[in-house]
file data02.cif (mmCIF, C-alpha atoms)
data_final
#
loop_
_atom_site.group_PDB
_atom_site.id
_atom_site.type_symbol
_atom_site.label_atom_id
_atom_site.label_comp_id
_atom_site.auth_asym_id
_atom_site.auth_seq_id
_atom_site.Cartn_x
_atom_site.Cartn_y
_atom_site.Cartn_z
ATOM 1 C CA MET A 1 -72.179 23.614 -0.949
ATOM 2 C CA PRO A 2 -72.803 26.494 1.511
ATOM 3 C CA ARG A 3 -69.721 28.491 2.442
ATOM 4 C CA MET A 4 -68.673 29.808 5.836
ATOM 5 C CA LEU A 5 -68.618 33.332 4.466
ATOM 6 C CA ASP A 6 -68.966 36.634 6.289
ATOM 7 C CA VAL A 7 -70.529 39.272 4.026
ATOM 8 C CA SER A 8 -70.692 42.659 5.739
ATOM 9 C CA GLU A 9 -73.567 45.052 5.167
ATOM 10 C CA ASP A 10 -71.225 47.377 3.273
ATOM 11 C CA VAL A 11 -70.115 44.591 0.924
ATOM 12 C CA ARG A 12 -73.719 43.447 0.429
ATOM 13 C CA ALA A 13 -74.750 47.005 -0.422
ATOM 14 C CA GLU A 14 -72.058 47.177 -3.100
ATOM 15 C CA ILE A 15 -72.578 43.781 -4.753
ATOM 16 C CA GLY A 16 -76.348 43.471 -4.223
ATOM 17 C CA ASP A 17 -78.462 40.950 -2.302
ATOM 18 C CA ALA A 18 -78.643 38.472 -5.185
ATOM 19 C CA GLU A 19 -74.883 38.222 -5.594
ATOM 20 C CA ALA A 20 -74.351 38.052 -1.837
ATOM 21 C CA ASP A 21 -76.842 35.192 -1.552
ATOM 22 C CA ARG A 22 -75.154 33.337 -4.420
ATOM 23 C CA LEU A 23 -71.838 33.640 -2.592
ATOM 24 C CA LEU A 24 -73.285 32.312 0.638
ATOM 25 C CA VAL A 25 -74.708 29.194 -1.016
ATOM 26 C CA GLY A 26 -71.429 28.557 -2.787
ATOM 27 C CA ASP A 27 -72.375 29.380 -6.376
ATOM 28 C CA ASN A 28 -69.735 32.077 -6.960
ATOM 29 C CA ALA A 29 -67.379 31.562 -4.024
ATOM 30 C CA PRO A 30 -64.268 29.396 -4.226
ATOM 31 C CA GLY A 31 -63.794 26.632 -1.726
ATOM 32 C CA SER A 32 -60.066 27.189 -1.406
ATOM 33 C CA TYR A 33 -58.388 30.597 -1.749
ATOM 34 C CA ASP A 34 -55.256 32.502 -0.840
ATOM 35 C CA CYS A 35 -56.010 34.975 1.955
ATOM 36 C CA THR A 36 -55.710 38.528 0.619
ATOM 37 C CA SER A 37 -54.211 39.584 3.967
ATOM 38 C CA CYS A 38 -51.725 36.895 5.015
ATOM 39 C CA ARG A 39 -51.436 35.172 1.610
ATOM 40 C CA THR A 40 -51.693 31.666 3.122
ATOM 41 C CA PRO A 41 -54.308 29.143 1.923
ATOM 42 C CA GLY A 42 -57.839 29.186 3.255
ATOM 43 C CA ASP A 43 -60.944 27.063 2.779
ATOM 44 C CA SER A 44 -64.386 28.677 2.942
ATOM 45 C CA GLU A 45 -65.965 25.246 3.446
ATOM 46 C CA GLN A 46 -63.955 24.642 6.618
ATOM 47 C CA GLU A 47 -63.271 28.045 8.249
ATOM 48 C CA ARG A 48 -64.846 31.453 8.626
ATOM 49 C CA THR A 49 -63.950 33.546 5.597
ATOM 50 C CA SER A 50 -64.332 37.283 5.037
ATOM 51 C CA THR A 51 -65.386 38.769 1.714
ATOM 52 C CA VAL A 52 -63.287 41.856 0.962
ATOM 53 C CA LEU A 53 -64.364 44.130 -1.870
ATOM 54 C CA PHE A 54 -61.695 46.381 -3.385
ATOM 55 C CA VAL A 55 -63.446 49.285 -5.113
ATOM 56 C CA GLY A 56 -61.523 51.479 -7.545
ATOM 57 C CA ASP A 57 -62.521 54.423 -9.681
ATOM 58 C CA GLU A 58 -64.053 52.267 -12.388
ATOM 59 C CA THR A 59 -63.775 48.632 -11.348
ATOM 60 C CA ALA A 60 -64.147 46.432 -8.288
ATOM 61 C CA VAL A 61 -62.502 43.164 -7.259
ATOM 62 C CA LEU A 62 -63.900 40.700 -4.722
ATOM 63 C CA ALA A 63 -61.293 38.895 -2.648
ATOM 64 C CA PHE A 64 -61.369 36.498 0.285
ATOM 65 C CA ALA A 65 -59.522 36.444 3.583
ATOM 66 C CA HIS A 66 -59.424 34.460 6.798
ATOM 67 C CA ALA A 67 -61.956 35.997 9.165
ATOM 68 C CA THR A 68 -59.224 35.868 11.819
ATOM 69 C CA CYS A 69 -57.047 38.153 9.652
ATOM 70 C CA ILE A 70 -59.488 40.897 8.654
ATOM 71 C CA PRO A 71 -63.246 41.407 8.797
ATOM 72 C CA SER A 72 -65.479 41.577 5.732
ATOM 73 C CA GLN A 73 -65.260 45.134 4.432
ATOM 74 C CA VAL A 74 -65.187 47.469 1.448
ATOM 75 C CA VAL A 75 -61.747 48.951 0.748
ATOM 76 C CA GLN A 76 -61.761 52.135 -1.334
ATOM 77 C CA VAL A 77 -58.637 52.338 -3.505
ATOM 78 C CA SER A 78 -57.485 54.217 -6.556
ATOM 79 C CA GLU A 79 -57.525 52.418 -9.884
ATOM 80 C CA GLU A 80 -53.731 52.080 -9.662
ATOM 81 C CA GLN A 81 -53.963 50.631 -6.174
ATOM 82 C CA LEU A 82 -56.631 48.241 -7.400
ATOM 83 C CA GLN A 83 -54.187 46.827 -9.920
ATOM 84 C CA GLY A 84 -51.760 46.321 -7.058
ATOM 85 C CA ALA A 85 -54.474 44.526 -5.114
ATOM 86 C CA VAL A 86 -55.148 42.278 -8.107
ATOM 87 C CA ARG A 87 -51.463 41.393 -8.262
ATOM 88 C CA SER A 88 -51.566 40.653 -4.532
ATOM 89 C CA ILE A 89 -54.650 38.459 -4.867
ATOM 90 C CA THR A 90 -53.155 36.507 -7.747
ATOM 91 C CA GLY A 91 -49.884 36.153 -5.877
ATOM 92 C CA SER A 92 -47.719 37.783 -8.502
ATOM 93 C CA GLU A 93 -46.268 40.384 -6.144
ATOM 94 C CA PRO A 94 -46.913 42.000 -2.747
ATOM 95 C CA PRO A 95 -49.055 45.145 -2.564
ATOM 96 C CA VAL A 96 -47.162 48.401 -3.006
ATOM 97 C CA PRO A 97 -48.586 51.851 -2.260
ATOM 98 C CA GLU A 98 -49.095 52.957 -5.847
ATOM 99 C CA GLY A 99 -48.356 56.513 -6.843
ATOM 100 C CA LEU A 100 -45.786 57.026 -4.092
ATOM 101 C CA MET A 101 -42.946 54.807 -5.140
ATOM 102 C CA PRO A 102 -41.587 52.817 -8.068
ATOM 103 C CA GLU A 103 -42.297 49.105 -8.167
ATOM 104 C CA GLN A 104 -38.813 48.111 -7.006
ATOM 105 C CA ALA A 105 -39.163 49.955 -3.670
ATOM 106 C CA VAL A 106 -41.395 48.840 -0.809
ATOM 107 C CA LEU A 107 -41.997 50.314 2.607
ATOM 108 C CA GLY A 108 -40.526 48.626 5.632
ATOM 109 C CA ILE A 109 -42.108 49.339 9.020
ATOM 110 C CA THR A 110 -40.602 48.790 12.467
ATOM 111 C CA SER A 111 -42.577 49.166 15.691
ATOM 112 C CA GLY A 112 -41.090 50.300 18.958
ATOM 113 C CA LEU A 113 -41.592 52.438 22.049
ATOM 114 C CA VAL A 114 -39.906 55.853 22.193
ATOM 115 C CA LEU A 115 -39.393 57.871 25.366
ATOM 116 C CA ILE A 116 -40.464 61.517 25.087
ATOM 117 C CA GLU A 117 -40.766 63.763 28.129
ATOM 118 C CA ASP A 118 -40.593 60.775 30.506
ATOM 119 C CA GLU A 119 -43.469 58.999 28.757
ATOM 120 C CA LEU A 120 -43.319 55.945 26.505
ATOM 121 C CA HIS A 121 -45.079 56.420 23.172
ATOM 122 C CA PRO A 122 -45.915 53.688 20.641
ATOM 123 C CA ALA A 123 -44.125 54.457 17.394
ATOM 124 C CA LEU A 124 -43.772 53.147 13.865
ATOM 125 C CA VAL A 125 -40.671 53.835 11.819
ATOM 126 C CA VAL A 126 -41.133 53.788 8.043
ATOM 127 C CA GLU A 127 -38.175 53.319 5.720
ATOM 128 C CA PRO A 128 -38.373 52.318 2.045
ATOM 129 C CA THR A 129 -36.040 49.725 0.577
ATOM 130 C CA GLY A 130 -34.877 52.115 -2.135
ATOM 131 C CA ALA A 131 -35.004 55.670 -3.419
ATOM 132 C CA ILE A 132 -38.483 57.082 -4.051
ATOM 133 C CA ALA A 133 -39.169 59.032 -7.229
ATOM 134 C CA ARG A 134 -41.969 61.507 -7.712
ATOM 135 C CA PRO A 135 -44.875 59.901 -9.614
ATOM 136 C CA GLY A 136 -44.635 60.484 -13.334
ATOM 137 C CA THR A 137 -40.897 61.160 -13.317
ATOM 138 C CA ASP A 138 -37.913 59.018 -14.248
ATOM 139 C CA GLY A 139 -36.278 59.448 -10.856
ATOM 140 C CA SER A 140 -33.436 61.589 -12.169
ATOM 141 C CA SER A 141 -34.158 64.262 -9.544
ATOM 142 C CA GLY A 142 -33.151 61.873 -6.767
ATOM 143 C CA ASP A 143 -34.906 60.495 -3.704
ATOM 144 C CA GLU A 144 -38.030 62.573 -2.972
ATOM 145 C CA PHE A 145 -39.528 60.386 -0.239
ATOM 146 C CA LEU A 146 -39.331 63.029 2.491
ATOM 147 C CA GLN A 147 -40.539 65.838 0.232
ATOM 148 C CA LEU A 148 -43.568 63.769 -0.821
ATOM 149 C CA LEU A 149 -44.416 63.118 2.830
ATOM 150 C CA LEU A 150 -44.014 66.795 3.720
ATOM 151 C CA GLU A 151 -46.505 67.593 0.973
ATOM 152 C CA GLN A 152 -48.890 65.077 2.576
ATOM 153 C CA GLY A 153 -48.705 66.925 5.901
ATOM 154 C CA PHE A 154 -45.842 65.241 7.767
ATOM 155 C CA HIS A 155 -43.576 67.564 9.756
ATOM 156 C CA PRO A 156 -39.768 67.797 9.894
ATOM 157 C CA VAL A 157 -38.364 66.258 13.074
ATOM 158 C CA HIS A 158 -35.247 68.096 14.223
ATOM 159 C CA ARG A 159 -35.116 66.535 17.685
ATOM 160 C CA MET A 160 -36.807 63.529 19.287
ATOM 161 C CA GLY A 161 -37.716 65.388 22.470
ATOM 162 C CA GLU A 162 -41.095 66.574 21.214
ATOM 163 C CA VAL A 163 -44.234 64.705 20.103
ATOM 164 C CA PRO A 164 -44.980 65.348 16.408
ATOM 165 C CA ALA A 165 -48.167 67.198 15.495
ATOM 166 C CA VAL A 166 -51.303 65.223 14.615
ATOM 167 C CA LEU A 167 -51.790 64.503 10.901
ATOM 168 C CA HIS A 168 -55.546 64.804 10.482
ATOM 169 C CA GLY A 169 -57.291 62.270 8.268
ATOM 170 C CA TRP A 170 -54.577 59.626 8.717
ATOM 171 C CA SER A 171 -54.866 56.731 11.163
ATOM 172 C CA ILE A 172 -53.317 53.435 12.239
ATOM 173 C CA LEU A 173 -55.428 50.304 11.788
ATOM 174 C CA LEU A 174 -54.853 47.851 14.618
ATOM 175 C CA ALA A 175 -57.129 44.800 14.697
ATOM 176 C CA MET A 176 -57.050 41.897 17.150
ATOM 177 C CA GLY A 177 -53.807 43.253 18.551
ATOM 178 C CA GLN A 178 -52.028 43.214 15.186
ATOM 179 C CA LEU A 179 -50.952 46.016 12.874
ATOM 180 C CA HIS A 180 -52.819 45.954 9.565
ATOM 181 C CA ALA A 181 -52.406 49.292 7.819
ATOM 182 C CA VAL A 182 -51.581 52.977 7.822
ATOM 183 C CA LEU A 183 -54.615 54.754 6.357
ATOM 184 C CA GLN A 184 -54.656 58.061 4.513
ATOM 185 C CA PRO A 185 -57.604 60.227 3.421
ATOM 186 C CA GLY A 186 -59.414 59.111 0.290
ATOM 187 C CA THR A 187 -59.526 61.360 -2.745
ATOM 188 C CA GLY A 188 -62.303 63.919 -2.826
ATOM 189 C CA GLY A 189 -63.195 63.348 0.792
ATOM 190 C CA GLY A 190 -63.926 59.657 0.204
ATOM 191 C CA ALA A 191 -63.328 56.736 2.565
ATOM 192 C CA PRO A 192 -59.747 56.291 3.862
ATOM 193 C CA VAL A 193 -57.419 54.151 1.777
ATOM 194 C CA ALA A 194 -54.308 52.210 2.718
ATOM 195 C CA TRP A 195 -51.060 54.153 2.297
ATOM 196 C CA TRP A 196 -49.239 51.102 3.666
ATOM 197 C CA GLN A 197 -50.827 47.693 4.213
ATOM 198 C CA ALA A 198 -49.242 44.711 5.915
ATOM 199 C CA HIS A 199 -48.501 41.766 3.653
ATOM 200 C CA ALA A 200 -49.514 39.742 6.704
ATOM 201 C CA PRO A 201 -50.753 41.318 9.971
ATOM 202 C CA LEU A 202 -47.723 42.405 11.988
ATOM 203 C CA GLN A 203 -47.320 41.365 15.587
ATOM 204 C CA VAL A 204 -46.571 44.132 18.085
ATOM 205 C CA THR A 205 -45.356 43.703 21.636
ATOM 206 C CA GLU A 206 -47.777 43.738 24.538
ATOM 207 C CA GLY A 207 -46.104 46.897 25.806
ATOM 208 C CA TRP A 208 -46.568 48.639 22.455
ATOM 209 C CA ARG A 209 -50.207 47.582 22.255
ATOM 210 C CA THR A 210 -50.879 48.693 25.845
ATOM 211 C CA ALA A 211 -49.317 52.103 25.212
ATOM 212 C CA ALA A 212 -51.289 52.502 21.967
ATOM 213 C CA ASN A 213 -54.583 51.610 23.622
ATOM 214 C CA LYS A 214 -53.836 54.021 26.451
ATOM 215 C CA SER A 215 -52.989 57.024 24.288
ATOM 216 C CA GLN A 216 -55.113 56.081 21.252
ATOM 217 C CA THR A 217 -52.297 57.669 19.232
ATOM 218 C CA VAL A 218 -49.286 56.281 17.378
ATOM 219 C CA LEU A 219 -46.228 58.320 16.407
ATOM 220 C CA VAL A 220 -45.099 57.656 12.843
ATOM 221 C CA TYR A 221 -41.559 58.549 11.773
ATOM 222 C CA ALA A 222 -40.171 58.210 8.252
ATOM 223 C CA ALA A 223 -36.668 58.407 6.834
ATOM 224 C CA PRO A 224 -35.049 57.772 3.434
ATOM 225 C CA ALA A 225 -33.711 54.344 2.508
ATOM 226 C CA GLY A 226 -30.577 53.360 4.411
ATOM 227 C CA THR A 227 -31.031 55.938 7.186
ATOM 228 C CA ILE A 228 -32.399 53.848 10.071
ATOM 229 C CA GLY A 229 -31.924 50.181 9.172
ATOM 230 C CA GLN A 230 -33.314 47.161 11.005
ATOM 231 C CA GLN A 231 -32.334 47.769 14.613
ATOM 232 C CA PRO A 232 -32.624 44.748 16.949
ATOM 233 C CA ARG A 233 -33.246 46.790 20.119
ATOM 234 C CA GLU A 234 -35.326 49.832 20.957
ATOM 235 C CA ASP A 235 -32.324 51.732 22.359
ATOM 236 C CA LEU A 236 -30.507 51.258 19.051
ATOM 237 C CA LEU A 237 -33.637 52.307 17.150
ATOM 238 C CA ARG A 238 -33.867 55.476 19.249
ATOM 239 C CA ASP A 239 -30.185 56.222 18.628
ATOM 240 C CA ALA A 240 -30.735 55.855 14.863
ATOM 241 C CA LEU A 241 -33.768 58.163 15.054
ATOM 242 C CA ASP A 242 -31.780 60.772 16.991
ATOM 243 C CA LYS A 243 -29.021 60.704 14.371
ATOM 244 C CA ALA A 244 -31.513 60.916 11.486
ATOM 245 C CA ALA A 245 -33.213 63.919 13.117
ATOM 246 C CA ALA A 246 -29.882 65.668 13.653
ATOM 247 C CA ARG A 247 -29.047 65.155 9.956
ATOM 248 C CA GLY A 248 -32.403 66.567 8.837
ATOM 249 C CA LEU A 249 -33.482 63.197 7.446
ATOM 250 C CA LEU A 250 -36.548 62.523 9.585
ATOM 251 C CA VAL A 251 -40.206 63.510 9.331
ATOM 252 C CA GLY A 252 -42.999 62.533 11.661
ATOM 253 C CA ALA A 253 -46.659 62.748 12.557
ATOM 254 C CA ALA A 254 -49.013 61.593 15.277
ATOM 255 C CA MET A 255 -51.936 59.478 14.049
ATOM 256 C CA PRO A 256 -55.022 58.319 15.924
ATOM 257 C CA LEU A 257 -55.530 54.626 16.505
ATOM 258 C CA ALA A 258 -58.293 52.847 14.630
ATOM 259 C CA GLY A 259 -59.218 49.488 16.137
ATOM 260 C CA THR A 260 -58.004 47.784 19.266
#

call {"tool": "encode", "arguments": {"input": "data02.cif", "output": "structure tokens"}}
result
Amino acid sequence: MPRMLDVSEDVRAEIGDAEADRLLVGDNAPGSYDCTSCRTPGDSEQERTSTVLFVGDETAVLAFAHATCIPSQVVQVSEEQLQGAVRSITGSEPPVPEGLMPEQAVLGITSGLVLIEDELHPALVVEPTGAIARPGTDGSSGDEFLQLLLEQGFHPVHRMGEVPAVLHGWSILLAMGQLHAVLQPGTGGGAPVAWWQAHAPLQVTEGWRTAANKSQTVLVYAAPAGTIGQQPREDLLRDALDKAAARGLLVGAAMPLAGT
């Protein structure tokens, strides 16, 4: 039975016309699936469905998502990240940015508006749930989250009164008014890959979205586990950021907005 599949030109170029046509007529496409973005059930016979191709260094995995969650696209990932995507697709565990943190730690992200020089800026605050070890080590050297980010180009934030410098090659993926991912440069100058990807698209406030669309830039702050916490109000979030900066436990960067 024909499927209500969206196969982008990029995906078709990767899998070939014959395979794409087989998907569209229902030969190789499942009727029901778990959306690779929001992880809730979908049905390609009843609703528009996106084909999402995860391409690693040696292998590729085709996944399916609600078209309302993400468009059909090719996602370039490392081989390690691809294994994380496979675990996500099969539902065994949520995706984790491989190579940056051990499996028991995941990144939490909070959105909010911060006031700098009498102007409101859309911001994301990143805080892992546990200590981050350097890849390939046993973690005995302690939490290296901030040092790893500094090596990626983030800057120390000593006071919240200045806008962090732009981190070139990184961007914030906002689609249909929802936050989908923080993208970093691909290896060897390749296509951007997800450093952090939402388990399900995150809602942001209308004020945050308006400010982001106006400036086309999002400020990203990061702190070690237990530094910021889940603050229920933006004034409390700002207070926690100020304290983290004063303690030398905050890094930041400005990233261009991708999407709308």

call {"tool": "resolve_selection", "arguments": {"input": "data02.cif", "expression": "the PyMOL selection byres ((chain A and resi 111-126) around 6)", "output": "JSON, numbers by chain"}}
result
{"A": [108, 109, 110, 127, 161, 208, 211, 212, 218, 219, 220, 221, 222]}

call {"tool": "resolve_selection", "arguments": {"input": "data02.cif", "expression": "the PyMOL selection byres ((chain A and resi 235-239) around 9)", "output": "PyMOL selection string"}}
result
chain A and resi 112-115+125+160+228-234+240-244

call {"tool": "atom_distance", "arguments": {"input": "data02.cif", "atom1": "atom CA of Gly153 of chain A", "atom2": "atom CA of Ala133 of chain A"}}
result
18.0 Å

call {"tool": "atom_distance", "arguments": {"input": "data02.cif", "atom1": "atom CA of Pro201 of chain A", "atom2": "atom CA of Cys35 of chain A"}}
result
11.5 Å

call {"tool": "residues_around", "arguments": {"input": "data02.cif", "residues": "segment 19-27 of chain A", "least_positions_apart": "2", "cutoff": "10 Å", "atoms": "only C-alpha atoms", "output": "list in words"}}
result
Met1, Pro2, Arg3, Met4, Leu5, Asp6, Val7, Ser8, Glu9, Val11, Arg12, Ala13, Glu14, Ile15, Gly16, Asp17, Ala29, Pro30, Gly31, Ser44, Glu45 and Thr51 of chain A

call {"tool": "closest_residue", "arguments": {"input": "data02.cif", "among": "A:Asp10, A:Phe64, A:Gly56, A:Val157", "to": "Tyr33 of chain A", "atoms": "all atoms listed in the file"}}
result
A:Phe64

call {"tool": "atom_distance", "arguments": {"input": "data02.cif", "atom1": "atom CA of Ala198 of chain A", "atom2": "atom CA of Phe54 of chain A"}}
result
15.6 Å

call {"tool": "closest_residue", "arguments": {"input": "data02.cif", "among": "A:Val75, A:Ala253, A:Ala63, A:Ala258", "to": "Pro192 of chain A", "atoms": "all atoms listed in the file"}}
result
A:Val75

call {"tool": "closest_residue", "arguments": {"input": "data02.cif", "among": "A:Leu249, A:Asp43, A:Asp143, A:Gln178", "to": "Ala223 of chain A", "atoms": "all atoms listed in the file"}}
result
A:Leu249

call {"tool": "residues_near_point", "arguments": {"input": "data02.cif", "point": "(-45.8, 66.3, 3.8)", "cutoff": "12 Å", "atoms": "all atoms listed in the file", "output": "MDAnalysis selection string"}}
result
chainID A and resid 144:157 165 167:168 221:222 250:253

call {"tool": "write_last_selection", "arguments": {"input": "data02.cif", "atoms": "C-alpha atoms", "output": "mmCIF file, in the coordinates of the input"}}
result
data_model
loop_
_atom_site.group_PDB
_atom_site.id
_atom_site.type_symbol
_atom_site.label_atom_id
_atom_site.label_comp_id
_atom_site.auth_asym_id
_atom_site.auth_seq_id
_atom_site.Cartn_x
_atom_site.Cartn_y
_atom_site.Cartn_z
ATOM 1 C CA GLU A 144 -38.030 62.573 -2.972
ATOM 2 C CA PHE A 145 -39.528 60.386 -0.239
ATOM 3 C CA LEU A 146 -39.331 63.029 2.491
ATOM 4 C CA GLN A 147 -40.539 65.838 0.232
ATOM 5 C CA LEU A 148 -43.568 63.769 -0.821
ATOM 6 C CA LEU A 149 -44.416 63.118 2.830
ATOM 7 C CA LEU A 150 -44.014 66.795 3.720
ATOM 8 C CA GLU A 151 -46.505 67.593 0.973
ATOM 9 C CA GLN A 152 -48.890 65.077 2.576
ATOM 10 C CA GLY A 153 -48.705 66.925 5.901
ATOM 11 C CA PHE A 154 -45.842 65.241 7.767
ATOM 12 C CA HIS A 155 -43.576 67.564 9.756
ATOM 13 C CA PRO A 156 -39.768 67.797 9.894
ATOM 14 C CA VAL A 157 -38.364 66.258 13.074
ATOM 15 C CA ALA A 165 -48.167 67.198 15.495
ATOM 16 C CA LEU A 167 -51.790 64.503 10.901
ATOM 17 C CA HIS A 168 -55.546 64.804 10.482
ATOM 18 C CA TYR A 221 -41.559 58.549 11.773
ATOM 19 C CA ALA A 222 -40.171 58.210 8.252
ATOM 20 C CA LEU A 250 -36.548 62.523 9.585
ATOM 21 C CA VAL A 251 -40.206 63.510 9.331
ATOM 22 C CA GLY A 252 -42.999 62.533 11.661
ATOM 23 C CA ALA A 253 -46.659 62.748 12.557
#

call {"tool": "residues_near_point", "arguments": {"input": "data02.cif", "point": "(-65.4, 40.0, 9.6)", "cutoff": "7 Å", "atoms": "only C-alpha atoms", "output": "list in words"}}
result
Asp6, Ser50, Ala67, Ile70, Pro71 and Ser72 of chain A

call {"tool": "write_last_selection", "arguments": {"input": "data02.cif", "atoms": "C-alpha atoms", "output": "short mmCIF file (atom, residue, chain, number, x, y, z; two decimals), in the coordinates of the input"}}
result
data_model
loop_
_atom_site.label_atom_id
_atom_site.label_comp_id
_atom_site.auth_asym_id
_atom_site.auth_seq_id
_atom_site.Cartn_x
_atom_site.Cartn_y
_atom_site.Cartn_z
CA ASP A 6 -68.97 36.63 6.29
CA SER A 50 -64.33 37.28 5.04
CA ALA A 67 -61.96 36.00 9.16
CA ILE A 70 -59.49 40.90 8.65
CA PRO A 71 -63.25 41.41 8.80
CA SER A 72 -65.48 41.58 5.73
#

call {"tool": "closest_residue", "arguments": {"input": "data02.cif", "among": "A:Arg134, A:Gly248, A:Gln76, A:Val166", "to": "Gly188 of chain A", "atoms": "all atoms listed in the file"}}
result
A:Gln76

call {"tool": "axis_aligned_box", "arguments": {"input": "data02.cif", "around": "segment 202-205 of chain A", "padding_each_side": "5 Å", "output": "JSON"}}
result
{"center_x": -46.5, "center_y": 42.7, "center_z": 16.8, "size_x": 12.4, "size_y": 12.8, "size_z": 19.6}

call {"tool": "residues_around", "arguments": {"input": "data02.cif", "residues": "Thr129 of chain A", "least_positions_apart": "5", "cutoff": "7 Å", "atoms": "only C-alpha atoms", "output": "JSON, numbers by chain"}}
result
{"A": [105, 106, 107, 108, 225]}
